[in-house]
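Enquirer: Below: one structure in structure tokens.
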Protein chains: 2
Amino acid sequence: MNLAFKALNDATRREILQLLQERDMTAGEIVDKFRISGPSISHHLDLLKQAKLVTAVKEGQFIYYSLNTTVVDEILKWMMQFKSKKK
Amino acid sequence: MNLAFKALNDATRREILQLLQERDMTAGEIVDKFRISGPSISHHLDLLKQAKLVTAVKEGQFIYYSLNTTVVDEILKWMMQFKSKKK
DNA sequence: ATAATATTTAGATATTTGTCTAAATATTTA
DNA sequence: TAAATATTTAGACAAATATCTAAATATTAT
């Protein structure tokens, strides 16, 4: 939960999640979508992975990143607590 | 949105939101719930206010803080995009 | 085997963040 | 008006963060 909020607290990482919502992508494809160095994107991907918001699968020399919505569900559930009626 | 995610990226601030979900509280009441100095809590309250997650109303020498769910709705909506079916 | 490609790891640096104490401001009470 | 109470503002500092370049690792192609 803590890691998820940390991961979400960055515009680049949120954009990466939105890209992956459309389709799985390799690290290189993701890098090409930004004007940030490869290593920086790699670091962002690592944080997203730590938060379990994405998963990574190696295929040959490529690594495919995918969105993992499990943690999204947890956050949605956590946020919903604030929607309960005021007593 | 950016400010909201920043505000949520801290356990103390998330706890403050949960306290305010139960009832409005003064700054002092909130301070008493934590083992953090008053100025630090005041700073956290300021960030929550900047993010529009809380509102503050002065009543005499007290300042009452309340939860504001408008931004919560925005975040819920934003998170929901990741729930759409994969094509 | 060597070169090329894809990605990460390491190390450095400037900025941001959470916390503190001391001081300032505002309100109420004696 | 002076003292007490509630809260914030200011300034300092250590820890965390986002970014970079250079180097390392792993895979594929020549």
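Letters for chains follow the order of the structure tokens (A, B, ...), residue numbers begin at 1 for each chain, and ligand numbers begin at 1 in the order shown.
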Write out chain B, as a short mmCIF file (atom, residue, chain, number, x, y, z; two decimals) with N, CA and C atoms, in the first residue's frame, after superposing it onto chain A by least squares using every C-alpha atom paired in order.
Expert:
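Once everything was written out, this is out_8.cif:
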data_model
loop_
_atom_site.label_atom_id
_atom_site.label_comp_id
_atom_site.auth_asym_id
_atom_site.auth_seq_id
_atom_site.Cartn_x
_atom_site.Cartn_y
_atom_site.Cartn_z
N MET B 1 0.86 -1.21 -0.04
CA MET B 1 0.01 0.00 -0.03
C MET B 1 0.89 1.24 -0.01
N ASN B 2 1.82 1.22 0.95
CA ASN B 2 2.78 2.31 1.03
C ASN B 2 3.56 2.45 -0.27
N LEU B 3 4.04 1.32 -0.77
CA LEU B 3 4.81 1.32 -2.02
C LEU B 3 3.95 1.75 -3.20
N ALA B 4 2.69 1.39 -3.16
CA ALA B 4 1.79 1.75 -4.26
C ALA B 4 1.60 3.26 -4.31
N PHE B 5 1.36 3.86 -3.15
CA PHE B 5 1.17 5.31 -3.13
C PHE B 5 2.45 6.02 -3.53
N LYS B 6 3.57 5.46 -3.10
CA LYS B 6 4.85 6.05 -3.50
C LYS B 6 5.01 5.98 -5.02
N ALA B 7 4.69 4.83 -5.57
CA ALA B 7 4.81 4.65 -7.02
C ALA B 7 3.89 5.60 -7.78
N LEU B 8 2.72 5.84 -7.24
CA LEU B 8 1.76 6.71 -7.93
C LEU B 8 2.11 8.18 -7.81
N ASN B 9 3.00 8.49 -6.90
CA ASN B 9 3.35 9.89 -6.67
C ASN B 9 4.42 10.38 -7.64
N ASP B 10 4.20 10.16 -8.91
CA ASP B 10 5.14 10.64 -9.93
C ASP B 10 4.44 10.58 -11.29
N ALA B 11 4.45 11.70 -11.98
CA ALA B 11 3.71 11.81 -13.24
C ALA B 11 4.21 10.83 -14.29
N THR B 12 5.53 10.66 -14.37
CA THR B 12 6.08 9.72 -15.36
C THR B 12 5.56 8.31 -15.10
N ARG B 13 5.60 7.90 -13.84
CA ARG B 13 5.15 6.54 -13.53
C ARG B 13 3.66 6.38 -13.80
N ARG B 14 2.88 7.40 -13.53
CA ARG B 14 1.44 7.30 -13.81
C ARG B 14 1.21 7.19 -15.32
N GLU B 15 2.04 7.90 -16.09
CA GLU B 15 1.90 7.79 -17.56
C GLU B 15 2.28 6.40 -18.04
N ILE B 16 3.31 5.83 -17.42
CA ILE B 16 3.71 4.48 -17.80
C ILE B 16 2.55 3.51 -17.57
N LEU B 17 1.88 3.66 -16.45
CA LEU B 17 0.73 2.78 -16.16
C LEU B 17 -0.34 2.94 -17.23
N GLN B 18 -0.55 4.19 -17.65
CA GLN B 18 -1.57 4.43 -18.67
C GLN B 18 -1.18 3.80 -20.01
N LEU B 19 0.11 3.86 -20.33
CA LEU B 19 0.58 3.21 -21.56
C LEU B 19 0.33 1.71 -21.49
N LEU B 20 0.65 1.14 -20.34
CA LEU B 20 0.52 -0.31 -20.19
C LEU B 20 -0.94 -0.74 -20.10
N GLN B 21 -1.79 0.21 -19.82
CA GLN B 21 -3.22 -0.12 -19.78
C GLN B 21 -3.69 -0.44 -21.21
N GLU B 22 -3.04 0.18 -22.18
CA GLU B 22 -3.43 -0.06 -23.58
C GLU B 22 -2.85 -1.37 -24.11
N ARG B 23 -1.55 -1.57 -23.82
CA ARG B 23 -0.93 -2.83 -24.25
C ARG B 23 0.39 -3.05 -23.53
N ASP B 24 0.83 -4.29 -23.47
CA ASP B 24 2.12 -4.60 -22.89
C ASP B 24 3.20 -3.97 -23.75
N MET B 25 4.29 -3.59 -23.12
CA MET B 25 5.38 -2.95 -23.87
C MET B 25 6.73 -3.40 -23.31
N THR B 26 7.75 -3.32 -24.17
CA THR B 26 9.10 -3.60 -23.70
C THR B 26 9.65 -2.35 -23.04
N ALA B 27 10.70 -2.52 -22.25
CA ALA B 27 11.34 -1.38 -21.60
C ALA B 27 11.74 -0.33 -22.64
N GLY B 28 12.29 -0.79 -23.74
CA GLY B 28 12.73 0.12 -24.79
C GLY B 28 11.59 0.91 -25.41
N GLU B 29 10.47 0.26 -25.63
CA GLU B 29 9.30 0.96 -26.18
C GLU B 29 8.85 2.05 -25.22
N ILE B 30 8.88 1.72 -23.94
CA ILE B 30 8.46 2.70 -22.93
C ILE B 30 9.43 3.88 -22.93
N VAL B 31 10.73 3.57 -22.96
CA VAL B 31 11.74 4.63 -22.97
C VAL B 31 11.47 5.60 -24.13
N ASP B 32 11.12 5.05 -25.30
CA ASP B 32 10.89 5.88 -26.49
C ASP B 32 9.71 6.84 -26.34
N LYS B 33 8.84 6.58 -25.39
CA LYS B 33 7.68 7.44 -25.19
C LYS B 33 8.00 8.68 -24.35
N PHE B 34 9.20 8.69 -23.77
CA PHE B 34 9.57 9.80 -22.89
C PHE B 34 10.88 10.44 -23.32
N ARG B 35 11.15 11.61 -22.78
CA ARG B 35 12.42 12.28 -23.04
C ARG B 35 13.31 12.16 -21.81
N ILE B 36 13.27 10.99 -21.22
CA ILE B 36 14.06 10.71 -20.02
C ILE B 36 14.99 9.56 -20.38
N SER B 37 16.14 9.52 -19.77
CA SER B 37 17.12 8.47 -20.10
C SER B 37 16.60 7.07 -19.78
N GLY B 38 17.18 6.08 -20.46
CA GLY B 38 16.82 4.69 -20.20
C GLY B 38 16.97 4.29 -18.75
N PRO B 39 18.12 4.57 -18.15
CA PRO B 39 18.29 4.20 -16.74
C PRO B 39 17.23 4.80 -15.82
N SER B 40 16.81 6.03 -16.11
CA SER B 40 15.78 6.64 -15.26
C SER B 40 14.46 5.88 -15.41
N ILE B 41 14.09 5.58 -16.65
CA ILE B 41 12.86 4.82 -16.87
C ILE B 41 12.97 3.44 -16.21
N SER B 42 14.15 2.85 -16.33
CA SER B 42 14.36 1.55 -15.70
C SER B 42 14.11 1.63 -14.19
N HIS B 43 14.56 2.71 -13.62
CA HIS B 43 14.35 2.92 -12.18
C HIS B 43 12.86 3.09 -11.86
N HIS B 44 12.16 3.85 -12.70
CA HIS B 44 10.72 4.01 -12.50
C HIS B 44 10.01 2.66 -12.60
N LEU B 45 10.43 1.87 -13.58
CA LEU B 45 9.83 0.54 -13.76
C LEU B 45 10.09 -0.33 -12.53
N ASP B 46 11.26 -0.16 -11.97
CA ASP B 46 11.58 -0.93 -10.77
C ASP B 46 10.65 -0.56 -9.61
N LEU B 47 10.41 0.73 -9.44
CA LEU B 47 9.51 1.15 -8.36
C LEU B 47 8.09 0.64 -8.60
N LEU B 48 7.65 0.67 -9.86
CA LEU B 48 6.31 0.16 -10.19
C LEU B 48 6.24 -1.34 -9.91
N LYS B 49 7.35 -2.01 -10.16
CA LYS B 49 7.41 -3.45 -9.94
C LYS B 49 7.39 -3.73 -8.43
N GLN B 50 8.17 -2.97 -7.68
CA GLN B 50 8.17 -3.11 -6.21
C GLN B 50 6.77 -2.93 -5.65
N ALA B 51 6.03 -2.01 -6.24
CA ALA B 51 4.67 -1.74 -5.78
C ALA B 51 3.69 -2.77 -6.32
N LYS B 52 4.19 -3.67 -7.15
CA LYS B 52 3.36 -4.70 -7.79
C LYS B 52 2.28 -4.11 -8.69
N LEU B 53 2.56 -2.93 -9.20
CA LEU B 53 1.61 -2.33 -10.14
C LEU B 53 1.90 -2.82 -11.55
N VAL B 54 3.09 -3.33 -11.77
CA VAL B 54 3.42 -3.94 -13.06
C VAL B 54 4.17 -5.25 -12.82
N THR B 55 4.17 -6.09 -13.85
CA THR B 55 4.97 -7.31 -13.82
C THR B 55 5.88 -7.29 -15.03
N ALA B 56 6.98 -8.01 -14.94
CA ALA B 56 7.95 -8.03 -16.04
C ALA B 56 8.24 -9.47 -16.42
N VAL B 57 8.28 -9.70 -17.73
CA VAL B 57 8.58 -11.04 -18.24
C VAL B 57 9.65 -10.92 -19.31
N LYS B 58 10.71 -11.66 -19.14
CA LYS B 58 11.81 -11.59 -20.11
C LYS B 58 11.51 -12.51 -21.29
N GLU B 59 11.70 -11.98 -22.48
CA GLU B 59 11.54 -12.79 -23.70
C GLU B 59 12.73 -12.48 -24.57
N GLY B 60 13.68 -13.39 -24.54
CA GLY B 60 14.92 -13.17 -25.28
C GLY B 60 15.63 -11.97 -24.70
N GLN B 61 16.02 -11.06 -25.54
CA GLN B 61 16.73 -9.90 -25.03
C GLN B 61 15.79 -8.77 -24.58
N PHE B 62 14.50 -8.99 -24.76
CA PHE B 62 13.53 -7.97 -24.36
C PHE B 62 12.91 -8.31 -23.01
N ILE B 63 12.42 -7.27 -22.37
CA ILE B 63 11.64 -7.50 -21.15
C ILE B 63 10.29 -6.84 -21.36
N TYR B 64 9.26 -7.62 -21.30
CA TYR B 64 7.91 -7.08 -21.48
C TYR B 64 7.30 -6.70 -20.15
N TYR B 65 6.78 -5.49 -20.09
CA TYR B 65 6.11 -5.01 -18.89
C TYR B 65 4.60 -5.03 -19.10
N SER B 66 3.90 -5.44 -18.06
CA SER B 66 2.43 -5.50 -18.10
C SER B 66 1.85 -4.84 -16.86
N LEU B 67 0.68 -4.30 -17.01
CA LEU B 67 -0.04 -3.74 -15.87
C LEU B 67 -0.59 -4.88 -15.03
N ASN B 68 -0.56 -4.68 -13.71
CA ASN B 68 -1.16 -5.66 -12.80
C ASN B 68 -2.20 -4.93 -11.96
N THR B 69 -3.45 -5.26 -12.15
CA THR B 69 -4.51 -4.45 -11.51
C THR B 69 -4.85 -4.86 -10.08
N THR B 70 -4.17 -5.88 -9.59
CA THR B 70 -4.48 -6.33 -8.23
C THR B 70 -4.33 -5.20 -7.20
N VAL B 71 -3.21 -4.50 -7.29
CA VAL B 71 -2.98 -3.42 -6.33
C VAL B 71 -3.91 -2.24 -6.59
N VAL B 72 -4.25 -2.04 -7.85
CA VAL B 72 -5.22 -1.00 -8.19
C VAL B 72 -6.51 -1.26 -7.41
N ASP B 73 -6.93 -2.50 -7.37
CA ASP B 73 -8.14 -2.85 -6.62
C ASP B 73 -8.01 -2.50 -5.14
N GLU B 74 -6.84 -2.78 -4.59
CA GLU B 74 -6.64 -2.47 -3.17
C GLU B 74 -6.76 -0.97 -2.91
N ILE B 75 -6.16 -0.20 -3.81
CA ILE B 75 -6.22 1.25 -3.63
C ILE B 75 -7.65 1.75 -3.78
N LEU B 76 -8.35 1.22 -4.76
CA LEU B 76 -9.75 1.61 -4.95
C LEU B 76 -10.54 1.31 -3.68
N LYS B 77 -10.30 0.15 -3.13
CA LYS B 77 -11.01 -0.24 -1.91
C LYS B 77 -10.67 0.72 -0.78
N TRP B 78 -9.38 1.04 -0.66
CA TRP B 78 -8.94 1.95 0.40
C TRP B 78 -9.60 3.33 0.23
N MET B 79 -9.62 3.82 -1.00
CA MET B 79 -10.21 5.14 -1.26
C MET B 79 -11.71 5.15 -0.95
N MET B 80 -12.35 4.01 -1.19
CA MET B 80 -13.80 3.95 -1.00
C MET B 80 -14.23 4.21 0.43
N GLN B 81 -13.34 3.98 1.38
CA GLN B 81 -13.72 4.21 2.78
C GLN B 81 -14.15 5.65 3.01
N PHE B 82 -13.66 6.55 2.18
CA PHE B 82 -13.97 7.97 2.39
C PHE B 82 -15.31 8.35 1.77
N LYS B 83 -15.90 7.39 1.09
CA LYS B 83 -17.19 7.66 0.47
C LYS B 83 -18.36 7.33 1.39
N SER B 84 -18.08 6.65 2.51
CA SER B 84 -19.19 6.26 3.38
C SER B 84 -19.89 7.48 3.95
N LYS B 85 -21.16 7.30 4.19
CA LYS B 85 -22.00 8.40 4.71
C LYS B 85 -21.44 8.97 6.01
N LYS B 86 -21.54 10.26 6.10
CA LYS B 86 -21.18 10.92 7.35
C LYS B 86 -22.33 10.67 8.31
N LYS B 87 -22.01 10.40 9.56
CA LYS B 87 -23.11 10.12 10.51
C LYS B 87 -23.48 11.37 11.30
#
Enquirer: Once DSSP has gone over the backbone, tell me which residues of chain B are in strand (DSSP E or B), as number ranges by chain.
Expert: B: 25-26, 54-59, 62-67
Enquirer: Using only C-alpha atoms, please write the residues we just selected to a file, as a compact mmCIF listing (two decimals), in the first residue's frame.
Expert:
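Wrote it out as part_27.txt, contents follow:
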# COMPACT_ATOMS: atom_id res chain seq x y z
CA MET B 25 -11.35 17.80 14.39
CA THR B 26 -9.30 20.79 15.47
CA VAL B 54 -9.38 18.75 3.58
CA THR B 55 -10.89 22.13 4.32
CA ALA B 56 -10.23 24.34 7.33
CA VAL B 57 -12.62 26.65 9.13
CA LYS B 58 -11.57 28.94 11.93
CA GLU B 59 -13.84 29.13 14.96
CA PHE B 62 -9.57 26.85 17.01
CA ILE B 63 -9.32 25.70 13.45
CA TYR B 64 -11.60 22.85 12.48
CA TYR B 65 -10.45 20.50 9.76
CA SER B 66 -12.88 18.50 7.64
CA LEU B 67 -12.51 15.88 4.96
Enquirer: Would you mind listing, for every residue of chain C within 8 Å of chain B, the two atoms forming the shortest contact and the distance between them in Å to one decimal, using only C-alpha atoms (C1' of nucleotides), sorted by chain and ascending residue number, as CSV?
Expert:
residue,atom,partner,partner_atom,distance
C:DG18,C1',B:Ser40,CA,7.6
C:DT19,C1',B:Ser40,CA,6.5
C:DC20,C1',B:Ser37,CA,7.7
C:DA26,C1',B:Gln61,CA,7.0
C:DT27,C1',B:Gln61,CA,4.8
C:DT28,C1',B:Gln61,CA,7.5
Enquirer: Write the residues you've just listed into a file as an mmCIF file, in the first residue's frame, and include N, CA and C atoms (P, O5', C5', C4', C3', O3' and C1' of nucleotides) for each of them.
Expert:
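Listed below is the output, again_35.cif:
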data_model
loop_
_atom_site.group_PDB
_atom_site.id
_atom_site.type_symbol
_atom_site.label_atom_id
_atom_site.label_comp_id
_atom_site.auth_asym_id
_atom_site.auth_seq_id
_atom_site.Cartn_x
_atom_site.Cartn_y
_atom_site.Cartn_z
ATOM 1 P P DG C 18 6.649 14.358 2.889
ATOM 2 O "O5'" DG C 18 7.340 14.219 4.315
ATOM 3 C "C5'" DG C 18 8.037 13.032 4.637
ATOM 4 C "C4'" DG C 18 8.672 13.200 6.006
ATOM 5 C "C3'" DG C 18 7.698 13.686 7.083
ATOM 6 O "O3'" DG C 18 7.916 12.901 8.256
ATOM 7 C "C1'" DG C 18 9.540 15.173 6.915
ATOM 8 P P DT C 19 6.987 13.001 9.531
ATOM 9 O "O5'" DT C 19 7.871 13.883 10.525
ATOM 10 C "C5'" DT C 19 9.103 13.361 11.005
ATOM 11 C "C4'" DT C 19 9.992 14.448 11.518
ATOM 12 C "C3'" DT C 19 9.386 15.391 12.546
ATOM 13 O "O3'" DT C 19 9.464 14.844 13.837
ATOM 14 C "C1'" DT C 19 10.900 16.495 11.056
ATOM 15 P P DC C 20 8.889 15.616 15.122
ATOM 16 O "O5'" DC C 20 10.024 16.697 15.451
ATOM 17 C "C5'" DC C 20 11.364 16.254 15.684
ATOM 18 C "C4'" DC C 20 12.294 17.447 15.816
ATOM 19 C "C3'" DC C 20 11.763 18.509 16.775
ATOM 20 O "O3'" DC C 20 12.438 18.435 18.017
ATOM 21 C "C1'" DC C 20 12.478 19.498 14.704
ATOM 22 P P DA C 26 -2.355 38.170 13.006
ATOM 23 O "O5'" DA C 26 -3.394 37.338 13.877
ATOM 24 C "C5'" DA C 26 -3.712 36.006 13.500
ATOM 25 C "C4'" DA C 26 -4.564 35.393 14.578
ATOM 26 C "C3'" DA C 26 -5.624 36.349 15.133
ATOM 27 O "O3'" DA C 26 -6.834 35.642 15.122
ATOM 28 C "C1'" DA C 26 -4.396 35.380 16.887
ATOM 29 P P DT C 27 -8.269 36.354 15.357
ATOM 30 O "O5'" DT C 27 -8.714 35.766 16.771
ATOM 31 C "C5'" DT C 27 -8.838 34.352 16.895
ATOM 32 C "C4'" DT C 27 -8.856 33.996 18.352
ATOM 33 C "C3'" DT C 27 -9.926 34.716 19.164
ATOM 34 O "O3'" DT C 27 -10.788 33.718 19.662
ATOM 35 C "C1'" DT C 27 -7.864 34.635 20.320
ATOM 36 P P DT C 28 -12.205 34.052 20.337
ATOM 37 O "O5'" DT C 28 -11.880 33.821 21.886
ATOM 38 C "C5'" DT C 28 -11.495 32.511 22.293
ATOM 39 C "C4'" DT C 28 -10.903 32.591 23.677
ATOM 40 C "C3'" DT C 28 -11.862 33.149 24.732
ATOM 41 O "O3'" DT C 28 -11.981 32.147 25.727
ATOM 42 C "C1'" DT C 28 -9.707 34.116 24.919
#
Enquirer: Give me, as a list in words, the contact residues of chain D against chain A at a cut-off of 8 Å, counting only C-alpha atoms (C1' of nucleotides).
Expert: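 Applying the cut-off to the listed atoms yields DA18, DT19, DC20, DA26, DT27 and DT28 of chain D.
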Enquirer: When DSSP works through the backbone of this structure, what residues of chain A end up as alpha helix (DSSP H), shown as a PyMOL selection string?
Expert: chain A and resi 2-8+11-22+27-32+38-50+70-80
Enquirer: At what distance in Å, to one decimal, does atom C1' of DA22 of chain D lie from atom C1' of DA1 of chain C?
Expert: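 Rounded to one decimal, the two atoms are 25.2 Å apart.
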Enquirer: Could you please determine the separation between atom C1' of DT25 of chain D and atom C1' of DA12 of chain C in Å, to one decimal place?
Expert: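 Going from atom C1' of DT25 of chain D over to atom C1' of DA12 of chain C covers 21.5 Å.
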Enquirer: One decimal, in Å: what's the spacing between atom C1' of DA15 of chain D and atom C1' of DT15 of chain C?
Expert: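 Atom C1' of DT15 of chain C lies 12.5 Å from atom C1' of DA15 of chain D.
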